[in-house]
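Trainee: Quick one: structure below, then a few questions.
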Amino acid sequence: MRALQLVEPKQFRWIDIAEPSSPGPDDVIVRVHRVGICGTDLGGYLGKMPFYSYPRIPGHELGVEVVAVGSEINHVKVGDRCSVEPYINNPASHASQRGRGNCCEELKVLGVHIDGGLRPLFQLPGRKLHPGNSLAYEQLALVETLAIGCHAVDRCSPKPGDDVLVIGAGPIGLSAMEFVRLSGARLIVMDINEQRLAFTKQFMGAGATIKFTGDGSELAALKEITGGNLAHMVIDATGNAGSMAKSLEYAAHTGQVVYVGITSDTVAFGHPLMHRKELTLKASRNALPADFPRIISLIEAGKIDTKPWITHRVPFDTIIERFPDFTLASTGAIKAIIDVSQQN
Ligand SMILES: NC(=O)c1ccc[n+]([C@@H]2O[C@H](COP(=O)([O-])OP(=O)(O)OC[C@H]3O[C@@H](n4cnc5c(N)ncnc54)[C@H](O)[C@@H]3O)[C@@H](O)[C@H]2O)c1
Ligand SMILES: [Zn+2]
């Protein structure tokens, strides 16, 4: 069968690989229907992802159908539609034993550290499947992106009456915004891109937006919006070290700051800023298993609308030509979904 391999940055090729045979007792074999493209895939393509290794079959945002189950697998059956939790952890590791397999010492993410879903069939541990039979495959492929935001918001647990500032309105920031909105807190969004800010007002329930210009007016704008207190929680989803350092300035006394964006640069800030306000600073990596069924239920219940999210649909056959488009901001993609079931 035919799979798509990223041989090295900017070089895809079709390869022929063997079909998986029969699953091990704890494994499943799935047919891949839809695969979302995200910043991690684009970073891998451009050679800008520090953790990415080559050659690699990309694809970690997956809507799949179960085609075979191992003898120990009871929670899914052949024919089920599922979302995949692509974080393959070692259940015996220290982090996993503490219920945090999302940041396991030996974590291997499908499509990043090990081969992912841009192939018709593959085998994976059955515990990584989350069924959602009433959803479309493209909705199931979107669940992983939403899970990143879900976890980031859970890291700071906003409540009604809190002011939450999300910096960065790319797909990761947007996914956090869905859960800020659902928490009942007030959502404030900051970005440098006005179109992205307008999108958050229209679709994400942003109560206020602030355009980042870097001239220092942002802090005054946030003070005005929050009655002088600043934000109870700040979630930085820019991946920009300068923004991440500055994000502490936007937090209220007693506030919390969550870094969901990733940078390989050093983030530096003056310690008095953190000390004076007694801030809590947290990282947010990947998502927890329970986030997946929760998100599937929220989509089923109509509490998260996936329509504004999916802006582009791409047939698998055309992906080598189309993929570079998604690295360009001018394409205007929020989420592009590859249809892997359409193969010639
Ligand atoms: N925590 C995780 O597990 C996880 C998972 C996937 C991706 N990420 C990371 O999340 C980050 C965001 O991903 P994305 O796909 O949404 O990226 P993106 O580039 O599409 O979005 C980033 C947004 O931040 C805005 N921005 C950049 N610099 C800014 C600044 N100084 N002030 C205000 N806004 C600014 C940009 O205009 C853009 O809208 C990346 O760093 C990515 O690596 C984290
Ligand atoms: Zn992703």
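How things are named: the first chain in the structure tokens is A, the next is B, and so on; residues count from 1 in each chain; ligands count from 1 in the order shown.
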Each residue of chain A lying at most 6 Å from ligand 2 should get a row with its shortest atom-to-atom pair and the distance in Å to one decimal, counting only C-alpha atoms and all ligand atoms; could you produce that, ordered by chain and increasing number, as a tab-separated table?

Mentor:
residue	atom	partner	partner_atom_place_in_ligand_line	distance
A:Cys38	CA	ligand 2	1 (Zn)	4.6
A:Thr40	CA	ligand 2	1 (Zn)	5.8
A:Glu61	CA	ligand 2	1 (Zn)	5.9
A:Thr145	CA	ligand 2	1 (Zn)	5.5

Trainee: How would the residues just chosen look if you wrote them out with C-alpha atoms as a PDB file, in the first residue's frame?

Mentor:
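Saved as selection_8.pdb:
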ATOM      1  CA  CYS A  38      -1.164  21.343  11.937  1.00  0.00           C
ATOM      2  CA  THR A  40       3.785  20.613  13.914  1.00  0.00           C
ATOM      3  CA  GLU A  61      -4.679  14.329  13.900  1.00  0.00           C
ATOM      4  CA  THR A 145      -6.224  19.942  18.101  1.00  0.00           C
TER       5      THR A 145
END

Trainee: Show me which residues sit within 6 Å of ligand 1 when counting only C-alpha atoms and all ligand atoms, and put them as number ranges by chain.

Mentor: A: 38-39, 148, 167-173, 190-193, 212, 237-240, 243, 260-263, 284-286

Trainee: With a distance cut-off of 12 Å and only C-alpha atoms, select the neighbouring residues of stretch 34-36 of chain A, excluding the residue or stretch itself and same-chain residues fewer than 5 positions from it, and output the selection as a count of residues only.

Mentor: 57

Trainee: Report as an MDAnalysis selection string: the residues of stretch 74-215 of chain A with a DSSP assignment of helix (DSSP H, G or I), based on the backbone of this structure.

Mentor: chainID A and resid 94:97 101:103 126:128 137:154 171:183 194:203

Trainee: Using only C-alpha atoms, which of the listed residues (A:Gly161, A:Gly302, A:Pro9, A:Gly149) sits closest to A:Leu174?

Mentor: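 Of A:Gly161, A:Gly302, A:Pro9, A:Gly149, the one nearest A:Leu174 is A:Gly149, counting only C-alpha atoms.
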
Trainee: I'd like the interatomic distance between atom CA of A:Glu178 and atom CA of A:Gln195, to a tenth of an Å.

Mentor: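 It comes out at 17.9 Å.
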
Trainee: Which residues, written as a ChimeraX atom specification, have at least one atom at most 12 Å from A:Met177, with only C-alpha atoms counted and residues fewer than 2 positions away on the same chain left out?

Mentor: /A:145-154,158,164-175,179-190,197,199-201,203-207,234-237,304

Trainee: Could you name the residues that touch A:Lys277 at 10 Å or less, counting only C-alpha atoms, but leaving out those on the same chain fewer than 5 positions away, as a ChimeraX atom specification?

Mentor: /A:248-249,251-256,272

Trainee: Measuring between only C-alpha atoms, which one of A:Cys103, A:Pro91, A:Leu230, A:Gly132 shows the shortest distance to A:Ala283?

Mentor: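 Looking at the shortest contact to A:Ala283, the residue is A:Cys103.
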
Trainee: I need the residue nearest A:Ile88 from this list: A:Thr213, A:Gln202, A:Ser330, A:Asn102. Use only C-alpha atoms for the distance.

Mentor: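 Counting only C-alpha atoms, the residue closest to A:Ile88 is A:Asn102.
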
Trainee: Measure the distance from atom CA of A:Lys128 to atom CA of A:Val28 in Å and round it to one decimal.

Mentor: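 Taking atom CA of A:Lys128 and atom CA of A:Val28, their separation equals 9.3 Å.
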
Trainee: When you count only C-alpha atoms, which of these residues is closest to A:Met49: A:Glu218, A:Val112, A:Met244, A:Arg127?

Mentor: A:Val112

Trainee: Measuring atom to atom with only C-alpha atoms, identify which of A:Ala3, A:Ala68, A:Val30, A:Val78 is nearest to A:Ala18.

Mentor: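 Of A:Ala3, A:Ala68, A:Val30, A:Val78, the one nearest A:Ala18 is A:Ala3, counting only C-alpha atoms.
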
Trainee: Find the distance between atom CA of A:Thr209 and atom CA of A:Arg294 and write it in Å to one decimal.

Mentor: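 So the two atoms, atom CA of A:Thr209 and atom CA of A:Arg294, lie 27.9 Å apart.
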
Trainee: Between A:Glu224, A:Asp317, A:Glu72, A:Asp305, single out the one closest to A:Pro25, counting only C-alpha atoms.

Mentor: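 Residue with the minimum atom-to-atom distance to A:Pro25: A:Glu72.
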
Trainee: Excluding A:Ile15 and its own-chain neighbours fewer than 6 positions away, which residues fall within 7 Å of it when counting only C-alpha atoms? Please give them as number ranges by chain.

Mentor: A: 2-5

Trainee: Save the residues we just selected, C-alpha atoms, as a CSV table (one decimal), in the first residue's frame?

Mentor:
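Dumped everything to selection-v3.csv:
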chain,number,residue,atom,x,y,z
A,2,ARG,CA,1.0,3.6,-0.6
A,3,ALA,CA,2.2,5.9,2.1
A,4,LEU,CA,3.5,9.5,2.1
A,5,GLN,CA,6.9,10.0,3.6

Trainee: With only C-alpha atoms as the counted atoms, please give the residues lying no more than 9 Å from A:Ile73, apart from itself and same-chain residues fewer than 2 positions off, as a ChimeraX atom specification.

Mentor: /A:25-28,69-71,75-77,126-127

Trainee: Based on the selection just made, write N, CA and C atoms of those residues as a PDB file, in the first residue's frame.

Mentor:
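What ended up in result05.pdb:
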ATOM      1  N   PRO A  25      -2.287  -8.664  21.045  1.00  0.00           N
ATOM      2  CA  PRO A  25      -3.449  -8.714  21.944  1.00  0.00           C
ATOM      3  C   PRO A  25      -3.958  -7.346  22.404  1.00  0.00           C
ATOM      4  N   ASP A  26      -3.041  -6.376  22.589  1.00  0.00           N
ATOM      5  CA  ASP A  26      -3.455  -5.048  23.076  1.00  0.00           C
ATOM      6  C   ASP A  26      -3.551  -4.009  21.967  1.00  0.00           C
ATOM      7  N   ASP A  27      -3.418  -4.453  20.719  1.00  0.00           N
ATOM      8  CA  ASP A  27      -3.343  -3.506  19.601  1.00  0.00           C
ATOM      9  C   ASP A  27      -4.609  -3.522  18.749  1.00  0.00           C
ATOM     10  N   VAL A  28      -4.676  -2.544  17.869  1.00  0.00           N
ATOM     11  CA  VAL A  28      -5.766  -2.478  16.888  1.00  0.00           C
ATOM     12  C   VAL A  28      -5.145  -2.142  15.534  1.00  0.00           C
ATOM     13  N   VAL A  69      -9.219  -5.895  15.895  1.00  0.00           N
ATOM     14  CA  VAL A  69      -8.886  -5.634  17.301  1.00  0.00           C
ATOM     15  C   VAL A  69      -8.204  -6.848  17.925  1.00  0.00           C
ATOM     16  N   GLY A  70      -7.231  -6.589  18.815  1.00  0.00           N
ATOM     17  CA  GLY A  70      -6.554  -7.660  19.538  1.00  0.00           C
ATOM     18  C   GLY A  70      -7.479  -8.281  20.580  1.00  0.00           C
ATOM     19  N   SER A  71      -7.064  -9.459  21.080  1.00  0.00           N
ATOM     20  CA  SER A  71      -7.926 -10.240  21.977  1.00  0.00           C
ATOM     21  C   SER A  71      -8.249  -9.504  23.292  1.00  0.00           C
ATOM     22  N   HIS A  75     -13.116  -1.993  24.382  1.00  0.00           N
ATOM     23  CA  HIS A  75     -13.845  -0.715  24.334  1.00  0.00           C
ATOM     24  C   HIS A  75     -14.154  -0.242  22.913  1.00  0.00           C
ATOM     25  N   VAL A  76     -13.571  -0.886  21.918  1.00  0.00           N
ATOM     26  CA  VAL A  76     -13.926  -0.586  20.522  1.00  0.00           C
ATOM     27  C   VAL A  76     -14.089  -1.902  19.764  1.00  0.00           C
ATOM     28  N   LYS A  77     -14.863  -1.830  18.663  1.00  0.00           N
ATOM     29  CA  LYS A  77     -15.067  -3.036  17.855  1.00  0.00           C
ATOM     30  C   LYS A  77     -14.870  -2.691  16.381  1.00  0.00           C
ATOM     31  N   GLY A 126      -4.442  -0.265  21.291  1.00  0.00           N
ATOM     32  CA  GLY A 126      -5.894  -0.052  21.312  1.00  0.00           C
ATOM     33  C   GLY A 126      -6.333   1.009  22.294  1.00  0.00           C
ATOM     34  N   ARG A 127      -5.580   1.160  23.418  1.00  0.00           N
ATOM     35  CA  ARG A 127      -5.966   2.155  24.440  1.00  0.00           C
ATOM     36  C   ARG A 127      -5.906   3.571  23.898  1.00  0.00           C
TER      37      ARG A 127
END
